[in-house]
2 protein chains.
Amino acid sequence: MDMKSKFSNKVAHLEASAIREIFKLLAKPGIISFAGGAPDPNLFPTKELSEIAAEVLLNDGKTALQYGITEGYLPLRNWVKDRLKNQGIGSEDDETIIVSGGQQGIDLAAKSLLNPGDGVVCEEPSFIGGLNAYRSNNAELYGVPVESDGINTEKLEELLKTHENIKILYTIATFQNPSGITMSLEKRKKILELASKYDFIIFEDNPYGDLRFTGEEIPTMKSMDKEGRVVYLGSFSKILAPGLRLGFTCANKELMERMIICKQVEDVHTNVLSQMVAYNFVTKYSIDEHIAKLRECYGRKCKLMIEYIDKFFPSCVSHTNPEGGLFLFCTMPEGYDAKEVMAKALESGVAFVPGSTTMIDDKAPSNTFRLNYSTASEEDIKCGIEALGKVLHEIMD
Amino acid sequence: MDMKSKFSNKVAHLEASAIREIFKLLAKPGIISFAGGAPDPNLFPTKELSEIAAEVLLNDGKTALQYGITEGYLPLRNWVKDRLKNQGIGSEDDETIIVSGGQQGIDLAAKSLLNPGDGVVCEEPSFIGGLNAYRSNNAELYGVPVESDGINTEKLEELLKTHENIKILYTIATFQNPSGITMSLEKRKKILELASKYDFIIFEDNPYGDLRFTGEEIPTMKSMDKEGRVVYLGSFSKILAPGLRLGFTCANKELMERMIICKQVEDVHTNVLSQMVAYNFVTKYSIDEHIAKLRECYGRKCKLMIEYIDKFFPSCVSHTNPEGGLFLFCTMPEGYDAKEVMAKALESGVAFVPGSTTMIDDKAPSNTFRLNYSTASEEDIKCGIEALGKVLHEIMD
């Protein structure tokens with residue numbers, strides 16, 4: 001039978017993430033990869049989690065292995081609520097639920113709000129998982145460039161004036177993926193004002209916010225949200241372990257009611273064993289002490305990577321200076337295409353993510369690329385950046 | 001702000017599962033519940049899984065806690081492929097992936113295929129999680145009654161003749177939820193013929209197929225699928241543990257490519273720890289020996305429930321005679337509404353699922369109800385059915 005003719009118009013146009021295609025190339029042994037967005041596996045508390053998982057299953061296996069509640073395992077949900085409350089997040093009109101990773105929060109909120117043709121403003125560059133969630137709802141995507149202090153709010157307002165279909169603004173305000181840039185307090189306030197004026201909803205995706213290694217904390221947009229316009233998307237992936245698939249979402253109760261129904265349809269509920277393991281970890285140990293270790297490590301690795309970039313890259317290649325998170329973003333002079341550089345880099349045993357994959361028009365060439373510093377060892381960061389520098393010099397000199 | 005006005009037309013009309021609402025009432029202590037669809041928690045291999053989880057995290061924690069592959073943990077995926085192959089399931093043109101519970105397979109396939117207004121034929125009664133997956137894609141649902149040997153194929157063909165929009169037929173052919181009925185081989189073949197003639201796709205949802213406690217095996221529709229029309233949906237929830245949220249789907253490669261992209265958008269990948277725990281369980285122990293225990297237990301409980309129904313229910317209340325699975329279905333004389341019976345039953349400390357919630361028009365009264373025999377203890381089955389019999393006699397005598 002002709003299966004292709006049956007595809008829905010939600011999915012017929014979607015393409016597998018280019019990043020995933022890159023991951024396939026990484027199977028080649030000896031490749032140093034700055035392409036992923038994975039935590040340093042050496043910092044996973046495997047011994048602690050091993051003991052906890054054994055105890056949970058032995059003492060409370062009938063709960064851990066049975067069907068659970070769609071909204072999440074109540075003790076973990078309450079712990080998250082309290083933690084968010086201490087960060088000024090969550091009003092009387094909000095609800096917080098546990099989701100199967102931060103991505104599911106984006107997907108549920110997008111599905112609950114977007115009709116075909118509705119507009120979503122995205123930072124450009126942005127996170128491909130977010131972009132694809134909006135694409136899969138046949139939304140219109142509009143890109144607004146990210147500057148050194150976050151999205152260009154003037155261009156944003158121009159767009160809002162002329163596009164009444166805009167329903168959502170998607171932002172990773174803190175340690176943005178892929179740029180590593182953090183939005184200023186002033187711009188955060190401006191966006192909240194614009195949201196009120198032009199009546200749109202803000203998706204504040206904040207998986208990296210806890211991972212600050214330098215500079216000063218800036219309040220989340222959700223903590224300044226007086227009108228219930230911000231859908232706050234959090235994750236355990238970067239502060240504990242992505243393999244557990246645990247995230248959380250805090251948003252307006254009425255919206256959350258829709259999202260919970262969508263979650264029932266998507267996966268009934270989040271993995272109970274994971275939720276219980278995470279809950280026992282955060283109550284038995286200090287998540288903040290654990291996060292402090294991550295901050296220290298990623299700060300050190302980021303500094304090392306920048307040191308080597310400054311030493312080995314052509315001076316015409318600029319880079320961002322993240323204050324936290326997992327990524328930094330490089331810009332080559334105009335005319336160079338990062339996809340072509342990528343092909344050469346792979347031959348030299350180094351991988352990264354070409355910027356084009358993080359743009360709304362992901363077919364156009366881009367002179368930018370993303371480097372991840374959290375996963376590789378310090379030795380690999382040194383060797384890999386030196387090797388990448390050679391490739392760039394060969395191309396540019 | 002007015003959040004409700006922003007809801008997408010995919011979700012604005014959806015209602016929280018009535019079964020979930022019933023579950024809230026079950027919090028009342030002392031209630032004997034035949035309402036759920038949960039395995040007997042006493043049969044979870046908690047000790048074995050506790051040891052396995054501890055080992056996996058200690059010895060291979062860097063894999064178990066890190067990001068994984070969207071298609072699933074390869075050793076588990078290969079194990080599932082081999083098992084399905086031994087059951088005659090999966091051709092060269094098919095692909096098999098691990099999903100986050102059987103429900104996710106339904107959801108991904110529905111999303112990949114359904115445009116608003118596309119038709120889905122459902123057995124009536126059917127599984128509410130399936131119905132809601134189609135509703136959330138704004139599909140048109142058409143019900144065809146289930147008879148003692150499965151869906152009425154004559155009525156099905158009448159429907160197909162007059163409705164060109166029908167794209168999918170959704171069936172739980174074996175030990176159907178909620179009826180407990182198994183479709184005959186003849187009807188399975190007839191439906192495959194009709195699928196070819198009228199060019200539709202079959203979703204064969206088979207979470208209970210392994211749980212036969214009497215009668216003879218009937219081949220799955222997927223094993224007789226020559227045209228790649230069957231999307232086969234399997235689950236570990238009923239044969240191992242639902243809290244792990246593990247299912248699998250085998251379908252045409254091209255369709256699967258779309259489903260994998262949708263899965264990336266929904267939750268990136270399935271919980272890695274769960275997949276590794278399940279893989280180690282099925283390779284270290286015999287899943288078939290474990291399933292044999294489940295069959296024996298559920299067969300005993302089903303027999304006991306029927307014995308007590310025959311003893312304590314008014315003779316005008318009929319019931320199905322399942323050969324496996326978790327449910328049986330009762331029909332009262334016309335004019336009685338199971339929702340009203342349910343209210344009285346709850347006062348007497350017994351809960352079940354009114355049939356109306358399993359119908360396409362879930363607002364209309366129904367004289368049917370579903371009883372689950374897998375979760376309650378044998379003592380509770382005895383007490384609960386006797387108490388429910390009293391309620392029914394009070395109403396009907």
# chains A, B, ... in the order shown; residues from 1 in each chain; ligands from 1
$ residues_around --residues "Phe313 of chain A" --least-positions-apart "6" --cutoff "10 Å" --atoms "only C-alpha atoms" --output "PDB file with all heavy atoms, in the first residue's frame"
ATOM      1  N   ILE A 306      37.139  28.344  25.801  1.00  0.00           N
ATOM      2  CA  ILE A 306      37.335  29.711  25.305  1.00  0.00           C
ATOM      3  C   ILE A 306      38.833  30.038  25.195  1.00  0.00           C
ATOM      4  O   ILE A 306      39.287  30.631  24.210  1.00  0.00           O
ATOM      5  CB  ILE A 306      36.593  30.727  26.199  1.00  0.00           C
ATOM      6  CG1 ILE A 306      35.086  30.595  25.975  1.00  0.00           C
ATOM      7  CG2 ILE A 306      37.061  32.158  25.923  1.00  0.00           C
ATOM      8  CD1 ILE A 306      34.216  31.445  26.880  1.00  0.00           C
ATOM      9  N   ILE A 385      39.529  21.386  20.101  1.00  0.00           N
ATOM     10  CA  ILE A 385      39.501  22.792  19.679  1.00  0.00           C
ATOM     11  C   ILE A 385      40.758  23.116  18.859  1.00  0.00           C
ATOM     12  O   ILE A 385      40.674  23.833  17.859  1.00  0.00           O
ATOM     13  CB  ILE A 385      39.364  23.735  20.906  1.00  0.00           C
ATOM     14  CG1 ILE A 385      38.007  23.518  21.585  1.00  0.00           C
ATOM     15  CG2 ILE A 385      39.557  25.193  20.512  1.00  0.00           C
ATOM     16  CD1 ILE A 385      36.799  23.869  20.747  1.00  0.00           C
ATOM     17  N   GLU A 386      41.873  22.538  19.252  1.00  0.00           N
ATOM     18  CA  GLU A 386      43.107  22.752  18.472  1.00  0.00           C
ATOM     19  C   GLU A 386      42.919  22.211  17.044  1.00  0.00           C
ATOM     20  O   GLU A 386      43.244  22.884  16.057  1.00  0.00           O
ATOM     21  CB  GLU A 386      44.306  22.085  19.154  1.00  0.00           C
ATOM     22  CG  GLU A 386      45.616  22.444  18.469  1.00  0.00           C
ATOM     23  CD  GLU A 386      46.862  21.956  19.235  1.00  0.00           C
ATOM     24  OE1 GLU A 386      46.751  21.642  20.433  1.00  0.00           O
ATOM     25  OE2 GLU A 386      47.934  21.899  18.604  1.00  0.00           O
ATOM     26  N   ALA A 387      42.356  21.008  16.942  1.00  0.00           N
ATOM     27  CA  ALA A 387      42.123  20.394  15.626  1.00  0.00           C
ATOM     28  C   ALA A 387      41.130  21.217  14.814  1.00  0.00           C
ATOM     29  O   ALA A 387      41.324  21.431  13.606  1.00  0.00           O
ATOM     30  CB  ALA A 387      41.611  18.964  15.806  1.00  0.00           C
ATOM     31  N   LEU A 388      40.078  21.689  15.475  1.00  0.00           N
ATOM     32  CA  LEU A 388      39.072  22.487  14.778  1.00  0.00           C
ATOM     33  C   LEU A 388      39.685  23.809  14.315  1.00  0.00           C
ATOM     34  O   LEU A 388      39.392  24.295  13.212  1.00  0.00           O
ATOM     35  CB  LEU A 388      37.872  22.723  15.704  1.00  0.00           C
ATOM     36  CG  LEU A 388      36.660  23.450  15.128  1.00  0.00           C
ATOM     37  CD1 LEU A 388      36.171  22.800  13.831  1.00  0.00           C
ATOM     38  CD2 LEU A 388      35.516  23.475  16.158  1.00  0.00           C
ATOM     39  N   GLY A 389      40.565  24.358  15.146  1.00  0.00           N
ATOM     40  CA  GLY A 389      41.273  25.586  14.779  1.00  0.00           C
ATOM     41  C   GLY A 389      42.073  25.399  13.493  1.00  0.00           C
ATOM     42  O   GLY A 389      42.060  26.253  12.607  1.00  0.00           O
ATOM     43  N   LYS A 390      42.742  24.248  13.394  1.00  0.00           N
ATOM     44  CA  LYS A 390      43.512  23.948  12.180  1.00  0.00           C
ATOM     45  C   LYS A 390      42.611  23.936  10.956  1.00  0.00           C
ATOM     46  O   LYS A 390      42.942  24.494   9.906  1.00  0.00           O
ATOM     47  CB  LYS A 390      44.178  22.575  12.312  1.00  0.00           C
ATOM     48  CG  LYS A 390      45.607  22.656  12.782  1.00  0.00           C
ATOM     49  CD  LYS A 390      46.261  21.272  12.723  1.00  0.00           C
ATOM     50  CE  LYS A 390      47.445  21.234  13.676  1.00  0.00           C
ATOM     51  NZ  LYS A 390      47.846  19.869  14.013  1.00  0.00           N
ATOM     52  N   VAL A 391      41.465  23.271  11.080  1.00  0.00           N
ATOM     53  CA  VAL A 391      40.510  23.190   9.970  1.00  0.00           C
ATOM     54  C   VAL A 391      40.065  24.590   9.568  1.00  0.00           C
ATOM     55  O   VAL A 391      40.034  24.934   8.372  1.00  0.00           O
ATOM     56  CB  VAL A 391      39.285  22.324  10.368  1.00  0.00           C
ATOM     57  CG1 VAL A 391      38.200  22.400   9.291  1.00  0.00           C
ATOM     58  CG2 VAL A 391      39.697  20.881  10.616  1.00  0.00           C
ATOM     59  N   LEU A 392      39.739  25.413  10.553  1.00  0.00           N
ATOM     60  CA  LEU A 392      39.262  26.771  10.265  1.00  0.00           C
ATOM     61  C   LEU A 392      40.360  27.595   9.584  1.00  0.00           C
ATOM     62  O   LEU A 392      40.093  28.342   8.649  1.00  0.00           O
ATOM     63  CB  LEU A 392      38.792  27.449  11.557  1.00  0.00           C
ATOM     64  CG  LEU A 392      37.487  26.885  12.154  1.00  0.00           C
ATOM     65  CD1 LEU A 392      37.277  27.384  13.584  1.00  0.00           C
ATOM     66  CD2 LEU A 392      36.285  27.259  11.285  1.00  0.00           C
ATOM     67  N   HIS A 393      41.591  27.439  10.079  1.00  0.00           N
ATOM     68  CA  HIS A 393      42.707  28.167   9.453  1.00  0.00           C
ATOM     69  C   HIS A 393      42.895  27.734   8.006  1.00  0.00           C
ATOM     70  O   HIS A 393      43.090  28.569   7.121  1.00  0.00           O
ATOM     71  CB  HIS A 393      44.001  27.952  10.250  1.00  0.00           C
ATOM     72  CG  HIS A 393      44.156  28.934  11.373  1.00  0.00           C
ATOM     73  ND1 HIS A 393      44.356  30.281  11.159  1.00  0.00           N
ATOM     74  CD2 HIS A 393      44.130  28.768  12.718  1.00  0.00           C
ATOM     75  CE1 HIS A 393      44.451  30.899  12.329  1.00  0.00           C
ATOM     76  NE2 HIS A 393      44.308  30.003  13.298  1.00  0.00           N
TER      77      HIS A 393
END
$ residues_around --residues "Ala251 of chain A" --least-positions-apart "6" --cutoff "6 Å" --atoms "only C-alpha atoms" --output "PyMOL selection string"
chain A and resi 94-95+231
$ interface_residues --of "chain A" --to "chain B" --cutoff "7 Å" --atoms "only C-alpha atoms" --output "PyMOL selection string"
chain A and resi 1+3-4+6-9+11+16+38+41+46-47+49-51+53-54+57-58+61-62+64-68+100-101+103-104+107+112-115+129+132-133+227-228+241-245+254-255+258+261+265-268+271-273
$ residues_around --residues "segment 370-372 of chain B" --least-positions-apart "5" --cutoff "8 Å" --atoms "only C-alpha atoms" --output "list in words"
Phe34, Ala35, Gly36, Gly37, Pro178, Ser179, Leu326, Phe327, Leu328, Phe329, Cys330, Phe352, Val353, Pro354 and Gly355 of chain B
$ closest_residue --among "B:Asn206, B:Ser286, B:Ser148, B:Asn138" --to "Thr171 of chain B" --atoms "only C-alpha atoms"
B:Asn206
$ select_by_dssp --residues "segment 33-147 of chain B" --states "strand (DSSP E or B)" --output "number ranges by chain"
B: 33, 94-99, 119-124, 140-147
$ write_last_selection --atoms "C-alpha atoms" --output "short mmCIF file (atom, residue, chain, number, x, y, z; two decimals), in the first residue's frame"
data_model
loop_
_atom_site.label_atom_id
_atom_site.label_comp_id
_atom_site.auth_asym_id
_atom_site.auth_seq_id
_atom_site.Cartn_x
_atom_site.Cartn_y
_atom_site.Cartn_z
CA SER B 33 -12.27 -1.21 43.21
CA ASP B 94 8.48 -2.89 8.92
CA GLU B 95 10.34 -1.21 11.74
CA THR B 96 10.03 -1.75 15.49
CA ILE B 97 10.65 0.92 18.12
CA ILE B 98 10.37 1.21 21.89
CA VAL B 99 7.81 3.75 23.09
CA GLY B 119 -12.52 8.85 9.97
CA VAL B 120 -11.55 6.29 12.61
CA VAL B 121 -13.69 3.20 13.10
CA CYS B 122 -13.66 2.04 16.70
CA GLU B 123 -15.09 -1.01 18.32
CA GLU B 124 -17.94 -0.03 20.56
CA GLU B 140 -14.47 11.65 13.15
CA LEU B 141 -15.13 8.57 15.28
CA TYR B 142 -17.48 5.84 14.07
CA GLY B 143 -18.51 3.02 16.39
CA VAL B 144 -19.25 -0.52 15.29
CA PRO B 145 -20.69 -2.88 17.92
CA VAL B 146 -18.61 -5.71 19.33
CA GLU B 147 -20.36 -9.09 19.28
#
$ closest_residue --among "A:Pro333, A:Gly234, A:Pro75, A:Gly247" --to "Ser315 of chain A" --atoms "only C-alpha atoms"
A:Pro333
$ atom_distance --atom1 "atom CA of Asp397 of chain B" --atom2 "atom CA of Pro125 of chain B"
27.2 Å
